[in-house]
Every structure is written in C-alpha cells, then in structure tokens.
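This is data_31.pdb (PDB, C-alpha atoms, pLDDT in the B column).
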```pdb
ATOM      1  CA  MET A   1      99.436 119.773  70.186  1.00 90.00           C
ATOM      2  CA  GLY A   2      96.526 122.162  69.985  1.00 72.00           C
ATOM      3  CA  GLY A   3      98.600 125.300  70.522  1.00 78.00           C
ATOM      4  CA  VAL A   4     102.225 126.398  70.954  1.00 89.00           C
ATOM      5  CA  PRO A   5     103.666 124.145  73.673  1.00 92.00           C
ATOM      6  CA  ASP A   6     104.453 125.732  77.014  1.00 95.00           C
ATOM      7  CA  ASP A   7     107.414 124.466  79.022  1.00 96.00           C
ATOM      8  CA  THR A   8     105.391 121.666  80.614  1.00 97.00           C
ATOM      9  CA  LEU A   9     104.244 120.232  77.270  1.00 97.00           C
ATOM     10  CA  LEU A  10     107.664 120.812  75.755  1.00 97.00           C
ATOM     11  CA  GLU A  11     109.335 118.713  78.439  1.00 97.00           C
ATOM     12  CA  TYR A  12     106.657 116.033  78.060  1.00 97.00           C
ATOM     13  CA  MET A  13     107.327 115.875  74.311  1.00 97.00           C
ATOM     14  CA  LEU A  14     111.105 115.702  74.729  1.00 97.00           C
ATOM     15  CA  GLY A  15     110.687 112.966  77.304  1.00 97.00           C
ATOM     16  CA  LEU A  16     108.983 110.749  74.728  1.00 97.00           C
ATOM     17  CA  ALA A  17     111.897 110.862  72.285  1.00 95.00           C
ATOM     18  CA  PRO A  18     114.775 108.347  72.275  1.00 91.00           C
ATOM     19  CA  GLY A  19     117.242 111.260  72.411  1.00 96.00           C
ATOM     20  CA  ARG A  20     117.324 115.048  72.350  1.00 95.00           C
ATOM     21  CA  ARG A  21     118.400 115.820  68.778  1.00 98.00           C
ATOM     22  CA  LEU A  22     115.580 117.988  67.482  1.00 98.00           C
ATOM     23  CA  LEU A  23     114.911 119.167  63.922  1.00 98.00           C
ATOM     24  CA  TYR A  24     112.854 122.375  63.890  1.00 98.00           C
ATOM     25  CA  VAL A  25     110.742 122.716  60.726  1.00 98.00           C
ATOM     26  CA  PRO A  26     108.982 126.108  60.451  1.00 98.00           C
ATOM     27  CA  THR A  27     107.779 125.775  56.846  1.00 98.00           C
ATOM     28  CA  ALA A  28     104.181 126.553  57.800  1.00 97.00           C
ATOM     29  CA  GLY A  29     105.313 129.679  59.656  1.00 96.00           C
ATOM     30  CA  VAL A  30     107.175 131.189  56.660  1.00 95.00           C
ATOM     31  CA  GLU A  31     110.566 130.301  58.177  1.00 97.00           C
ATOM     32  CA  ASP A  32     110.811 133.518  60.198  1.00 95.00           C
ATOM     33  CA  PRO A  33     114.533 133.828  61.088  1.00 96.00           C
ATOM     34  CA  ALA A  34     113.809 135.666  64.343  1.00 96.00           C
ATOM     35  CA  ARG A  35     111.470 132.900  65.470  1.00 96.00           C
ATOM     36  CA  THR A  36     114.041 130.254  64.574  1.00 97.00           C
ATOM     37  CA  VAL A  37     116.632 132.049  66.707  1.00 97.00           C
ATOM     38  CA  TRP A  38     114.069 132.272  69.529  1.00 97.00           C
ATOM     39  CA  TRP A  39     113.647 128.501  69.438  1.00 98.00           C
ATOM     40  CA  TYR A  40     117.410 127.972  69.596  1.00 98.00           C
ATOM     41  CA  GLU A  41     117.407 130.084  72.749  1.00 98.00           C
ATOM     42  CA  ARG A  42     114.378 128.299  74.185  1.00 97.00           C
ATOM     43  CA  LEU A  43     115.889 124.844  73.648  1.00 97.00           C
ATOM     44  CA  ARG A  44     119.360 125.739  74.882  1.00 97.00           C
ATOM     45  CA  GLY A  45     120.305 123.117  77.470  1.00 96.00           C
ATOM     46  CA  ARG A  46     117.165 121.084  76.693  1.00 96.00           C
ATOM     47  CA  ALA A  47     117.802 119.735  73.215  1.00 97.00           C
ATOM     48  CA  GLU A  48     120.370 119.775  70.425  1.00 98.00           C
ATOM     49  CA  MET A  49     118.441 121.747  67.824  1.00 98.00           C
ATOM     50  CA  THR A  50     118.964 122.023  64.073  1.00 98.00           C
ATOM     51  CA  HIS A  51     116.624 123.980  61.826  1.00 98.00           C
ATOM     52  CA  LEU A  52     115.361 123.109  58.360  1.00 98.00           C
ATOM     53  CA  HIS A  53     114.524 126.013  56.041  1.00 97.00           C
ATOM     54  CA  PHE A  54     113.452 125.318  52.454  1.00 98.00           C
ATOM     55  CA  PHE A  55     114.090 128.867  51.201  1.00 96.00           C
ATOM     56  CA  PRO A  56     115.915 129.594  48.981  1.00 94.00           C
ATOM     57  CA  TRP A  57     116.395 125.822  48.640  1.00 94.00           C
ATOM     58  CA  PRO A  58     116.564 122.881  51.031  1.00 96.00           C
ATOM     59  CA  PRO A  59     119.927 121.514  52.139  1.00 95.00           C
ATOM     60  CA  SER A  60     121.475 118.548  50.385  1.00 94.00           C
ATOM     61  CA  GLY A  61     121.003 115.220  52.092  1.00 95.00           C
ATOM     62  CA  LEU A  62     117.489 116.066  53.215  1.00 97.00           C
ATOM     63  CA  GLY A  63     116.653 112.470  54.068  1.00 96.00           C
ATOM     64  CA  GLU A  64     119.816 111.938  56.087  1.00 97.00           C
ATOM     65  CA  LEU A  65     119.183 115.185  57.956  1.00 97.00           C
ATOM     66  CA  ALA A  66     115.714 114.119  59.026  1.00 97.00           C
ATOM     67  CA  LEU A  67     116.695 110.596  59.996  1.00 97.00           C
ATOM     68  CA  ASP A  68     119.638 111.858  62.049  1.00 97.00           C
ATOM     69  CA  HIS A  69     117.257 113.395  64.603  1.00 98.00           C
ATOM     70  CA  ASP A  70     115.153 112.030  67.437  1.00 98.00           C
ATOM     71  CA  VAL A  71     112.371 114.623  67.137  1.00 98.00           C
ATOM     72  CA  ILE A  72     110.980 116.543  64.178  1.00 98.00           C
ATOM     73  CA  LEU A  73     109.023 119.562  65.423  1.00 98.00           C
ATOM     74  CA  VAL A  74     106.648 121.268  62.967  1.00 98.00           C
ATOM     75  CA  THR A  75     105.324 124.744  63.736  1.00 97.00           C
ATOM     76  CA  GLY A  76     101.926 126.306  63.239  1.00 96.00           C
ATOM     77  CA  GLY A  77     101.045 128.448  60.235  1.00 96.00           C
ATOM     78  CA  SER A  78      99.729 127.553  56.797  1.00 97.00           C
ATOM     79  CA  THR A  79      99.255 123.794  56.536  1.00 97.00           C
ATOM     80  CA  ALA A  80      98.509 124.048  52.812  1.00 97.00           C
ATOM     81  CA  ASN A  81     101.699 125.960  52.040  1.00 97.00           C
ATOM     82  CA  ALA A  82     103.841 123.613  54.126  1.00 98.00           C
ATOM     83  CA  LEU A  83     102.432 120.495  52.463  1.00 98.00           C
ATOM     84  CA  ALA A  84     102.907 121.980  48.990  1.00 98.00           C
ATOM     85  CA  ILE A  85     106.571 122.750  49.682  1.00 98.00           C
ATOM     86  CA  TRP A  86     107.211 119.385  51.330  1.00 98.00           C
ATOM     87  CA  ARG A  87     105.658 117.484  48.423  1.00 98.00           C
ATOM     88  CA  THR A  88     107.651 119.487  45.884  1.00 98.00           C
ATOM     89  CA  HIS A  89     110.905 118.431  47.539  1.00 98.00           C
ATOM     90  CA  GLY A  90     109.848 114.915  48.543  1.00 98.00           C
ATOM     91  CA  PHE A  91     109.929 115.769  52.234  1.00 98.00           C
ATOM     92  CA  ASP A  92     106.497 114.203  52.757  1.00 98.00           C
ATOM     93  CA  GLU A  93     107.967 110.787  51.942  1.00 98.00           C
ATOM     94  CA  ILE A  94     111.018 111.511  54.072  1.00 98.00           C
ATOM     95  CA  LEU A  95     108.725 112.261  57.005  1.00 98.00           C
ATOM     96  CA  ARG A  96     106.956 108.950  56.487  1.00 98.00           C
ATOM     97  CA  ARG A  97     110.295 107.109  56.528  1.00 98.00           C
ATOM     98  CA  ALA A  98     111.307 108.955  59.685  1.00 98.00           C
ATOM     99  CA  TRP A  99     108.008 108.034  61.366  1.00 97.00           C
ATOM    100  CA  GLU A 100     108.364 104.380  60.363  1.00 97.00           C
ATOM    101  CA  GLN A 101     111.903 104.335  61.752  1.00 96.00           C
ATOM    102  CA  GLY A 102     110.901 105.662  65.162  1.00 96.00           C
ATOM    103  CA  VAL A 103     111.584 109.384  64.920  1.00 98.00           C
ATOM    104  CA  LEU A 104     109.107 111.320  67.082  1.00 98.00           C
ATOM    105  CA  LEU A 105     106.969 113.567  64.864  1.00 98.00           C
ATOM    106  CA  ALA A 106     105.482 116.494  66.761  1.00 98.00           C
ATOM    107  CA  GLY A 107     104.025 119.922  66.251  1.00 97.00           C
ATOM    108  CA  TRP A 108     101.258 122.328  67.041  1.00 97.00           C
ATOM    109  CA  SER A 109      98.334 123.755  65.039  1.00 97.00           C
ATOM    110  CA  ALA A 110      99.388 123.106  61.422  1.00 97.00           C
ATOM    111  CA  GLY A 111     102.028 120.830  62.925  1.00 97.00           C
ATOM    112  CA  MET A 112      99.282 118.856  64.640  1.00 98.00           C
ATOM    113  CA  ILE A 113      96.823 118.331  61.805  1.00 98.00           C
ATOM    114  CA  CYS A 114      99.412 117.678  59.070  1.00 98.00           C
ATOM    115  CA  TRP A 115      99.891 114.049  60.218  1.00 98.00           C
ATOM    116  CA  PHE A 116      96.212 113.088  59.774  1.00 98.00           C
ATOM    117  CA  GLU A 117      94.201 112.152  56.688  1.00 98.00           C
ATOM    118  CA  GLN A 118      92.242 115.397  56.893  1.00 98.00           C
ATOM    119  CA  GLY A 119      92.497 118.593  58.904  1.00 97.00           C
ATOM    120  CA  VAL A 120      90.505 121.741  59.519  1.00 97.00           C
ATOM    121  CA  THR A 121      92.529 124.787  58.484  1.00 95.00           C
ATOM    122  CA  ASP A 122      92.420 128.507  57.780  1.00 92.00           C
ATOM    123  CA  SER A 123      95.120 128.113  55.109  1.00 94.00           C
ATOM    124  CA  PHE A 124      92.783 129.254  52.343  1.00 95.00           C
ATOM    125  CA  GLY A 125      91.312 132.340  54.022  1.00 90.00           C
ATOM    126  CA  PRO A 126      89.581 133.421  57.230  1.00 88.00           C
ATOM    127  CA  GLU A 127      86.867 130.783  56.856  1.00 92.00           C
ATOM    128  CA  LEU A 128      87.805 127.350  58.183  1.00 96.00           C
ATOM    129  CA  ALA A 129      87.857 124.556  55.615  1.00 96.00           C
ATOM    130  CA  PRO A 130      88.868 120.888  55.382  1.00 97.00           C
ATOM    131  CA  MET A 131      91.956 119.755  53.514  1.00 97.00           C
ATOM    132  CA  GLU A 132      93.799 116.533  52.771  1.00 98.00           C
ATOM    133  CA  CYS A 133      96.955 116.067  54.827  1.00 98.00           C
ATOM    134  CA  LEU A 134      99.748 113.477  54.997  1.00 98.00           C
ATOM    135  CA  GLY A 135      97.570 110.569  56.070  1.00 98.00           C
ATOM    136  CA  PHE A 136      99.933 108.952  58.570  1.00 98.00           C
ATOM    137  CA  LEU A 137      97.186 108.967  61.216  1.00 98.00           C
ATOM    138  CA  PRO A 138      93.600 107.913  60.470  1.00 98.00           C
ATOM    139  CA  GLY A 139      90.678 110.309  60.376  1.00 98.00           C
ATOM    140  CA  SER A 140      90.611 114.059  60.797  1.00 98.00           C
ATOM    141  CA  ALA A 141      91.873 116.561  63.359  1.00 98.00           C
ATOM    142  CA  CYS A 142      91.168 120.059  64.598  1.00 98.00           C
ATOM    143  CA  PRO A 143      93.366 122.193  66.900  1.00 97.00           C
ATOM    144  CA  HIS A 144      92.453 125.298  68.957  1.00 96.00           C
ATOM    145  CA  TYR A 145      89.137 123.723  69.933  1.00 97.00           C
ATOM    146  CA  ASP A 146      88.655 126.111  72.837  1.00 96.00           C
ATOM    147  CA  GLY A 147      90.970 128.837  71.591  1.00 93.00           C
ATOM    148  CA  GLU A 148      89.110 130.029  68.487  1.00 93.00           C
ATOM    149  CA  GLU A 149      85.381 130.633  68.516  1.00 94.00           C
ATOM    150  CA  GLN A 150      84.535 128.934  65.219  1.00 95.00           C
ATOM    151  CA  ARG A 151      86.611 125.768  65.633  1.00 96.00           C
ATOM    152  CA  ARG A 152      84.054 123.665  67.531  1.00 97.00           C
ATOM    153  CA  PRO A 153      80.939 124.531  65.488  1.00 97.00           C
ATOM    154  CA  VAL A 154      82.722 124.279  62.131  1.00 97.00           C
ATOM    155  CA  TYR A 155      84.481 120.997  62.900  1.00 97.00           C
ATOM    156  CA  THR A 156      81.388 119.293  64.296  1.00 97.00           C
ATOM    157  CA  ARG A 157      79.384 120.477  61.270  1.00 97.00           C
ATOM    158  CA  LEU A 158      81.997 119.254  58.783  1.00 97.00           C
ATOM    159  CA  VAL A 159      82.135 115.833  60.435  1.00 98.00           C
ATOM    160  CA  ALA A 160      78.338 115.624  60.456  1.00 97.00           C
ATOM    161  CA  GLU A 161      78.403 116.434  56.731  1.00 96.00           C
ATOM    162  CA  GLY A 162      80.878 113.681  55.866  1.00 97.00           C
ATOM    163  CA  LEU A 163      84.393 114.684  56.931  1.00 97.00           C
ATOM    164  CA  PRO A 164      86.042 111.598  58.468  1.00 98.00           C
ATOM    165  CA  PRO A 165      85.526 111.472  62.233  1.00 98.00           C
ATOM    166  CA  GLY A 166      88.540 112.343  64.295  1.00 98.00           C
ATOM    167  CA  VAL A 167      90.013 114.203  67.229  1.00 98.00           C
ATOM    168  CA  ALA A 168      89.957 117.796  68.423  1.00 98.00           C
ATOM    169  CA  ALA A 169      92.350 119.350  70.932  1.00 97.00           C
ATOM    170  CA  ASP A 170      92.011 122.389  73.128  1.00 97.00           C
ATOM    171  CA  ASP A 171      95.015 124.676  73.442  1.00 97.00           C
ATOM    172  CA  ASP A 172      97.554 123.419  76.023  1.00 96.00           C
ATOM    173  CA  VAL A 173      96.696 119.797  75.162  1.00 97.00           C
ATOM    174  CA  ALA A 174      98.897 117.140  73.544  1.00 97.00           C
ATOM    175  CA  LEU A 175      97.868 113.835  71.964  1.00 98.00           C
ATOM    176  CA  HIS A 176     100.457 111.056  72.162  1.00 98.00           C
ATOM    177  CA  TYR A 177     100.210 108.453  69.408  1.00 98.00           C
ATOM    178  CA  ILE A 178     102.212 105.246  69.149  1.00 97.00           C
ATOM    179  CA  GLY A 179     101.933 104.099  65.555  1.00 96.00           C
ATOM    180  CA  THR A 180      98.355 104.926  64.641  1.00 97.00           C
ATOM    181  CA  GLU A 181      96.915 104.357  68.125  1.00 97.00           C
ATOM    182  CA  LEU A 182      96.185 107.189  70.540  1.00 98.00           C
ATOM    183  CA  ARG A 183      98.046 106.221  73.700  1.00 98.00           C
ATOM    184  CA  GLU A 184      97.441 109.230  75.961  1.00 98.00           C
ATOM    185  CA  VAL A 185      96.050 112.765  76.143  1.00 98.00           C
ATOM    186  CA  VAL A 186      97.823 115.220  78.438  1.00 98.00           C
ATOM    187  CA  SER A 187      97.325 118.863  79.303  1.00 98.00           C
ATOM    188  CA  SER A 188      99.265 121.553  81.108  1.00 97.00           C
ATOM    189  CA  ARG A 189      96.040 123.380  82.034  1.00 96.00           C
ATOM    190  CA  GLU A 190      93.216 122.219  84.239  1.00 96.00           C
ATOM    191  CA  GLY A 191      89.981 121.962  82.257  1.00 96.00           C
ATOM    192  CA  ALA A 192      91.611 121.632  78.836  1.00 97.00           C
ATOM    193  CA  ALA A 193      90.891 118.371  77.015  1.00 97.00           C
ATOM    194  CA  ALA A 194      90.723 116.479  73.734  1.00 98.00           C
ATOM    195  CA  TYR A 195      87.639 115.005  72.114  1.00 98.00           C
ATOM    196  CA  ARG A 196      86.553 112.246  69.773  1.00 98.00           C
ATOM    197  CA  VAL A 197      84.274 113.867  67.216  1.00 98.00           C
ATOM    198  CA  GLY A 198      81.903 111.812  65.085  1.00 98.00           C
ATOM    199  CA  ALA A 199      78.729 112.332  63.116  1.00 95.00           C
ATOM    200  CA  ASP A 200      76.744 111.753  66.307  1.00 94.00           C
ATOM    201  CA  GLY A 201      78.600 114.413  68.302  1.00 94.00           C
ATOM    202  CA  GLU A 202      81.678 114.683  70.481  1.00 96.00           C
ATOM    203  CA  ARG A 203      83.004 112.700  73.423  1.00 98.00           C
ATOM    204  CA  VAL A 204      85.581 114.065  75.833  1.00 98.00           C
ATOM    205  CA  LEU A 205      88.697 111.924  76.150  1.00 98.00           C
ATOM    206  CA  GLU A 206      90.369 111.128  79.434  1.00 97.00           C
ATOM    207  CA  THR A 207      93.038 113.775  79.882  1.00 97.00           C
ATOM    208  CA  ARG A 208      95.926 113.670  82.347  1.00 98.00           C
ATOM    209  CA  VAL A 209      96.930 117.040  83.733  1.00 98.00           C
ATOM    210  CA  LEU A 210     100.709 117.317  83.940  1.00 97.00           C
ATOM    211  CA  SER A 211     102.174 118.647  87.147  1.00 83.00           C
TER
END
```
Let me see whether you can do it: turn the structure in this file into structure tokens.
Amino acid sequence: MGGVPDDTLLEYMLGLAPGRRLLYVPTAGVEDPARTVWWYERLRGRAEMTHLHFFPWPPSGLGELALDHDVILVTGGSTANALAIWRTHGFDEILRRAWEQGVLLAGWSAGMICWFEQGVTDSFGPELAPMECLGFLPGSACPHYDGEEQRRPVYTRLVAEGLPPGVAADDDVALHYIGTELREVVSSREGAAAYRVGADGERVLETRVLS
C-alpha cells in the first residue's frame, strides 16, 4: 500500500487472508510501543493481532511465530534499518517461507517496497535513493507517488537511468499480488491510482475504487 491503510483498505486486506490472525511487524518504525498499542486498539474485533518486536531481542521460535499467522503486516519507516535487522536474525528467509506457504504479506511505505527487488527510499537521508530489497516480487517500487513532491520525478528519472522498471502507488492505493503477478489495484479514494513505470515513461493501471 502506498500509505497507511484507512479502514476501507484495511478491510480489503483482511478479506484477502485465509484467516484473521495478524502479525504486526513495526521494525521499520522503530517499534514505537504507543503505536503498537494503537494498532491493538484499531484491530480489536477485526483481527487477532500479535506484535513482533526485535528489541532487545526477538522471541524464540521466530519461524513458528510467523507461520502461525494469516497476515504479516509491515509498517512504514526506514526500509534499510528493517532489512538489516531482519537479515541479522534470519527473518528475511522466514518471510520468504511464509510467503511460499500462503501467508499474506502486506504493508505500507517501507512495508510496500520491501517485497520488491528494488525500492525508492529516504532511509539514507532526505534525498530519495534506490536500494536492494527482499526480491520476492520482480522489478522496483515506489510509494507515496502523489503524496510527496519528489517521488514521481525521482522515480521516473531513476528508472530512465537504469533502475529496473516497476510500479508506483499513490497514497490510499493497494496492489494485490498473487505469487509474482499483479492481480488487482484498488483505492479508497477517487482519483488515486497505481502506475507501471518504465524507461519510456509511466502508464496508469486500471484501479478499482472500493465502496
């Protein structure tokens, strides 16, 4: 998802999962305890939430924890920091196993781009830059396409200069993949969309507005 999911996108996401056991992973967002509590309150009655914090250390049975859930929800924040922590503890490989076994992987901002080969991030400073991500999905990705002024010009320039072509999402937009194929683009806001971005420019993707 391009930005933090509103209730419409949240219900859409939960409706795609085989069940409602959700693992909340706020590594990219520095594991803010207040925000974790806020998500417990937000999901009350909607999903059975468990959180995963890596500080001061991850829980034992990390693989079993991940695979015991129907949805793994990754927050926004620093993609680079999240990937570094995940790789240190082997959680990147656990996520791949979860994906291969049918767990729904979801997220916004950092939690959107982390699944692709490459992403456009501000993890390294105020200037946007490309970085290697988990590589589950082919190509590159960019969130906040209409929400941050520099996203569109920087992403289109990077792709024109050799970054793998990929997808960009406005805020309030979700991209639904099955395996490595994009199945559907949905939005909770009229006028918001997703785009295929290549060296020859961008092409708007058909977007279904959720009611």
- re atom CA of A:Ala194 and atom CA of A:Thr8: distance 17.0 Å
- Compile the contact shell of A:Thr180 as a ChimeraX atom specification: residues with an atom at most 8 Å away, counting all atoms listed in the file, same-chain residues fewer than 2 positions apart removed. /A:136-138,177-178,182
- Given the file above and the PyMOL selection byres ((chain A and resi 64) around 12), which residues are selected, and can you give them as a list in words? Leu23, Pro59, Ser60, Gly61, Leu62, Gly63, Leu65, Ala66, Leu67, Asp68, His69, Phe91, Ile94, Leu95, Arg97 and Ala98 of chain A
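Here the PyMOL selection byres ((chain A and resi 82) around 10) catches exactly these residues: Val25, Pro26, Thr27, Ala28, Gly29, Val30, Phe54, Val74, Thr75, Gly76, Gly77, Ser78, Thr79, Ala80, Asn81, Leu83, Ala84, Ile85, Trp86, Arg87, Thr88, Asp92, Ala110, Gly111, Cys114 and Ser123 of chain A.
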Run the PyMOL selection byres ((chain A and resi 133) around 7) on the file and write out the hits as a PDB file with C-alpha atoms, keeping the file's coordinate frame.
```
ATOM      1  CA  CYS A 114      99.412 117.678  59.070  1.00 98.00           C
ATOM      2  CA  TRP A 115      99.891 114.049  60.218  1.00 98.00           C
ATOM      3  CA  PHE A 116      96.212 113.088  59.774  1.00 98.00           C
ATOM      4  CA  GLU A 117      94.201 112.152  56.688  1.00 98.00           C
ATOM      5  CA  GLN A 118      92.242 115.397  56.893  1.00 98.00           C
ATOM      6  CA  GLY A 119      92.497 118.593  58.904  1.00 97.00           C
ATOM      7  CA  MET A 131      91.956 119.755  53.514  1.00 97.00           C
ATOM      8  CA  GLU A 132      93.799 116.533  52.771  1.00 98.00           C
ATOM      9  CA  LEU A 134      99.748 113.477  54.997  1.00 98.00           C
ATOM     10  CA  GLY A 135      97.570 110.569  56.070  1.00 98.00           C
TER      11      GLY A 135
END
```
- Task: Give the answer as one residue: which of A:Asp32, A:Asp200, A:Asp70, A:Asp6 has the shortest atom-to-atom distance to A:Ser187, using all atoms listed in the file?
- Result: A:Asp6
- Query: Mind pulling up the distance from atom CA of A:Val120 to atom CA of A:Asp171?
  - Reply: 14.9 Å
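Atom pair atom CA of A:His51 / atom CA of A:Val71: separated by 11.6 Å.
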- Counting all atoms listed in the file, what is within 8 Å of stretch 139-155 of chain A, bar same-chain residues fewer than 3 positions away, as a VMD selection string? chain A and resid 1 to 3 108 to 109 112 to 113 116 to 121 128 158 to 159 163 to 171
Please write out, as AutoDock Vina command-line options, where the centre of an axis-aligned box around all listed atoms of stretch 198-201 of chain A lies and how long its edges are, in Å to one decimal, after adding 5 Å on each side.
```
--center_x 79.3 --center_y 113.1 --center_z 65.7 --size_x 15.2 --size_y 12.7 --size_z 15.2
```
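Considering the residues A:Pro58, A:Gly102, A:Gly191, A:Pro33 and counting only C-alpha atoms, A:Gly90 has its shortest atom-to-atom contact with A:Pro58.
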- Query: Got a sec: who's within 12 Å of stretch 9-19 of chain A, counting only C-alpha atoms, leaving out chain neighbours fewer than 6 positions off, as a PyMOL selection string?
  - Reply: chain A and resi 1-3+39+42-43+45-49+68-73+99+101-108+171-178+183-189+208-211
